[in-house]
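*Asks:* Have a look at this one.
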Amino acid sequence: MGQLDREHWFRDGSTSSLATRKGSPFRRDDDYPECKRRGYSGTELPQDIWWHIHFLMTMRDAARAACVSRSFLCSWRCYPNLVFNTKIIGMSRDACFTQRVDDILKKHSGIGVKTFDLDFTYCCKQPKAYNYLHRWLQIAVTPGIEKLALVMPGNKDVSFLCPVLSDENGSSVRHLHLAHCAFRPTESLGCLRNLTVLHLNWVRMTGDELGCLLSSCVALERLELRSCHEITYLKIPSWLQRLSYLQVLNCDKLRLLRNEAPNIHSIHLKGRQVEVSLGEALRLKNLDMTGYRVLRYVREELPYSVPNLETISICSRSELVDTTMAFSPSSKFLHLKHVSICIIGTCDYFSLVSLLDAAPLLETFDLHLVTFRNSMGELLSEDPSQHLRRRVGYRHDKLERVKISRFYSSKSLVELTSHILENSASLECLRLDTTDGRGIKCSGERSNKCAHLDSPTEARKAVLVIREHIKRKVPSRVKLQVVEPCKRCYPVELY
């Protein structure tokens with residue numbers, strides 16, 4: 001449908017000019033004589049089926065159909081899925097976008113709306129646009145709505161209108177997504193008893209206000225919080241029996257997270273210095289954590305509180321580990337199969353042997369290293385008689401695949417790799433990547449280069465260490481993959 005056609009429809013709701021305009025590719029139902037003689041508007045299907053077909057279309061296609069069909073025009077006024085963004089509306093200028101949305105909602109009856117999804121970031125330069133917002137929400141947010149998503153401009157101080165969800169309006173909402181606004185729920189907000197997904201992104205609200213909101217969300221299944229910087233304390237109450245997924249990312253002022261939800265399945269946490277209490281989350285299977293000294297927390301706390309973990313992914317800074325620390329028989333991860341660790345900074349990598357030993361069913365182990373030139377720890381010397389530590393009595397009989405990215409000539413890293421080779425009877429593949437691990441390769445043309453290497457010299461040295469200390473220890477059943485710096489982009493003579 002052309003730009004002028006759409007503007008005419010959204011302006012007055014009429015289809016006559018579309019049908020009668022010379023050269024128009026569209027024809028009204030009345031233009032077909034056979035339809036007029038038989039007394040129906042293009043089909044003998046019942047009206048509810050006709051409407052159902054219309055409601056299955058995207059909003060853009062539904063609007064086009066309403067321009068050329070009397071039946072679709074009628075059902076358009078009750079179209080259930082209202083999604084407004086520049087891709088759907090087809091306009092990027094602030095004033096035009098706002099006017100287009102307003103014209104559409106003026107033609108809508110407000111009956112039967114299931115989804116109201118508004119990306120308002122395109123209206124940041126038009127102050128009057130916010131005057132429309134309250135009226136739009138009153139039209140769209142009515143009893144029966146199931147999904148409400150509202151994304152506001154990040155540079156404006158806008159508050160979400162809580163009364164919109166009061167009374168029965170909020171009782172049917174199943175998915176609530178708010179971004180870049182203030183949200184101050186109170187006890188008068190109403191009961192969100194059917195809410196299953198709550199996603200708050202850059203939302204200004206306190207921990208107490210979030211607790212007030214959660215007090216009525218007994219059906220909640222997913223809770224996602226991103227960059228909510230006013231929250232300092234977060235408690236996940238025990239009455240959230242259906243909560244299975246929790247995500248808390250970059251809430252910079254958060255200092256304490258306490259979980260009491262008993263049936264949570266997956267947790268994704270990313271913060272600076274957050275004290276975490278997961279409670280007795282016996283059904284927790286997947287854990288993804290980023291923060292300071294996370295590795296120590298995993299080793300000291302998790303085996304007791306979440307013994308049924310199957311997958312762990314952690315990214316840790318300023319890690320301090322004790323090479324003599326070992327897990328007791330009662331503090332092991334008896335179900336853990338997949339471990340991925342990113343360590344930023346330097347530590348004694350050989351201490352990870354105890355973590356491997358604590359997971360007797362471990363199948364895959366990925367280790368990614370981020371080091372700095374002035375703090376790379378003890379490097380392996382060229383002295384062939386240099387002593388390498390060994391651990392006896394440790395077996396990793398289920399371990400099949402190991403990957404170490406940014407492998408370098410660290411003595412403790414060579415000790416860890418040697419230990420894995422000597423004590424993993426089921427090992428199938430060992431991949432040692434001396435580059436940054438991003439896998440960006442040159443195309444062979446001189447204008448393109450491989451991914452940047454912080455220290456090509458150290459990468460080449462790591463390759464030599466692998467050849468001298470690792471390769472000879474690899475059993476014949478194990479496939480060794482060594483990723484070296486590109487010889488064209490980083491020739492040896494440059495080092």
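For the structure tokens, the naming scheme is as follows: chains receive sequential letters (A, B, ...) according to their order of presentation, residues are indexed from 1 within each chain, and ligands are indexed from 1 in presentation order.
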Using the chain letters and numbers from this document, which residues of region 213-284 of chain A does DSSP assign to strand (DSSP E or B), as a ChimeraX atom specification?

*Replies:* /A:222-226,233-236,245-249,256-259,266-270,275-277

*Asks:* Just to be explicit: take each residue in the selection above, keep C-alpha atoms, and write the result as an mmCIF file, in the first residue's frame.

*Replies:*
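Now in out.cif:
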```cif
data_model
loop_
_atom_site.group_PDB
_atom_site.id
_atom_site.type_symbol
_atom_site.label_atom_id
_atom_site.label_comp_id
_atom_site.auth_asym_id
_atom_site.auth_seq_id
_atom_site.Cartn_x
_atom_site.Cartn_y
_atom_site.Cartn_z
ATOM 1 C CA ARG A 222 10.156 -14.972 34.400
ATOM 2 C CA LEU A 223 11.649 -11.901 36.105
ATOM 3 C CA GLU A 224 14.173 -9.830 34.129
ATOM 4 C CA LEU A 225 15.810 -6.693 35.563
ATOM 5 C CA ARG A 226 18.387 -4.710 33.588
ATOM 6 C CA TYR A 233 18.239 -4.851 47.941
ATOM 7 C CA LEU A 234 16.308 -7.520 46.075
ATOM 8 C CA LYS A 235 14.308 -10.272 47.719
ATOM 9 C CA ILE A 236 12.591 -12.950 45.665
ATOM 10 C CA TYR A 245 13.917 -17.839 35.436
ATOM 11 C CA LEU A 246 15.615 -14.871 37.111
ATOM 12 C CA GLN A 247 17.827 -12.354 35.318
ATOM 13 C CA VAL A 248 19.490 -9.406 37.087
ATOM 14 C CA LEU A 249 22.005 -7.513 34.936
ATOM 15 C CA LEU A 256 22.226 -7.913 48.309
ATOM 16 C CA LEU A 257 20.174 -10.469 46.399
ATOM 17 C CA ARG A 258 18.227 -13.005 48.396
ATOM 18 C CA ASN A 259 16.255 -15.762 46.716
ATOM 19 C CA SER A 266 17.838 -20.760 35.740
ATOM 20 C CA ILE A 267 19.568 -17.670 37.150
ATOM 21 C CA HIS A 268 21.605 -15.071 35.246
ATOM 22 C CA LEU A 269 23.368 -12.475 37.430
ATOM 23 C CA LYS A 270 25.773 -9.725 36.455
ATOM 24 C CA GLU A 275 26.182 -10.543 48.102
ATOM 25 C CA VAL A 276 24.137 -13.441 46.798
ATOM 26 C CA SER A 277 22.019 -15.867 48.784
#
```

*Asks:* Name all residues at most 6 Å from region 143-160 of chain A (count only C-alpha atoms; drop same-chain ones fewer than 4 positions away) and give them as an MDAnalysis selection string.

*Replies:* chainID A and resid 113:121 124 168:169 172:183

*Asks:* Residues at most 7 Å from region 461-467 of chain A, counting only C-alpha atoms, excluding those fewer than 4 positions away in the same chain, as a list of chain:residue names?

*Replies:*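 With the cut-off at 7 Å, the set is A:Phe407, A:Tyr408, A:Ser409, A:Thr434, A:Thr457, A:Lys471, A:Glu484.
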
*Asks:* Generate the output file for the selected residues, N, CA and C atoms, as a tab-separated table (two decimals), in the first residue's frame.

*Replies:*
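Output saved as again-v4.tsv:
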```tsv
chain	number	residue	atom	x	y	z
A	407	PHE	N	45.17	-18.88	25.38
A	407	PHE	CA	46.21	-19.66	26.04
A	407	PHE	C	47.54	-18.92	25.93
A	408	TYR	N	48.27	-18.85	27.04
A	408	TYR	CA	49.59	-18.20	27.00
A	408	TYR	C	50.55	-19.01	27.86
A	409	SER	N	51.77	-18.55	27.97
A	409	SER	CA	52.84	-19.37	28.56
A	409	SER	C	52.87	-19.30	30.08
A	434	THR	N	45.50	-19.59	20.99
A	434	THR	CA	46.47	-18.58	21.44
A	434	THR	C	46.08	-17.18	21.01
A	457	THR	N	53.65	-11.39	20.22
A	457	THR	CA	54.86	-12.08	20.68
A	457	THR	C	54.51	-13.17	21.69
A	471	LYS	N	52.17	-31.02	23.62
A	471	LYS	CA	51.90	-31.92	22.49
A	471	LYS	C	52.36	-33.35	22.75
A	484	GLU	N	46.74	-20.82	16.05
A	484	GLU	CA	47.91	-19.95	16.07
A	484	GLU	C	47.60	-18.61	15.43
```

*Asks:* Applying 6 Å and only C-alpha atoms, which residues near Cys315 (chain A) remain after dropping the ones on its own chain fewer than 3 positions away? List them as a PyMOL selection string.

*Replies:* chain A and resi 290+341-343

*Asks:* So which residues touch Leu161 (chain A) within 9 Å, counting only C-alpha atoms, skipping near sequence neighbours fewer than 3 positions away, as a PDB file with N, CA and C atoms, in the first residue's frame?

*Replies:*
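Result written to part_15.pdb:
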```
ATOM      1  N   HIS A 134      -1.116   9.236  27.696  1.00  0.00           N
ATOM      2  CA  HIS A 134      -2.150   8.846  28.639  1.00  0.00           C
ATOM      3  C   HIS A 134      -3.411   8.406  27.908  1.00  0.00           C
ATOM      4  N   LEU A 137      -2.961   4.936  26.289  1.00  0.00           N
ATOM      5  CA  LEU A 137      -3.033   3.841  27.261  1.00  0.00           C
ATOM      6  C   LEU A 137      -4.466   3.604  27.719  1.00  0.00           C
ATOM      7  N   VAL A 164      -3.296   2.998  35.169  1.00  0.00           N
ATOM      8  CA  VAL A 164      -3.707   2.289  33.955  1.00  0.00           C
ATOM      9  C   VAL A 164      -3.954   0.817  34.253  1.00  0.00           C
ATOM     10  N   LEU A 165      -3.211   0.263  35.207  1.00  0.00           N
ATOM     11  CA  LEU A 165      -3.325  -1.159  35.534  1.00  0.00           C
ATOM     12  C   LEU A 165      -4.212  -1.413  36.748  1.00  0.00           C
ATOM     13  N   PHE A 183       8.791   3.783  37.570  1.00  0.00           N
ATOM     14  CA  PHE A 183       7.652   2.906  37.882  1.00  0.00           C
ATOM     15  C   PHE A 183       7.538   2.857  39.397  1.00  0.00           C
ATOM     16  N   ARG A 184       6.467   3.450  39.940  1.00  0.00           N
ATOM     17  CA  ARG A 184       6.300   3.561  41.382  1.00  0.00           C
ATOM     18  C   ARG A 184       5.028   2.848  41.831  1.00  0.00           C
TER      19      ARG A 184
END
```

*Asks:* For region 417-428 of chain A, please output as number ranges by chain all residues within 6 Å (counting only C-alpha atoms; exclusion window: fewer than 4 positions along the same chain).

*Replies:* A: 395-401, 478
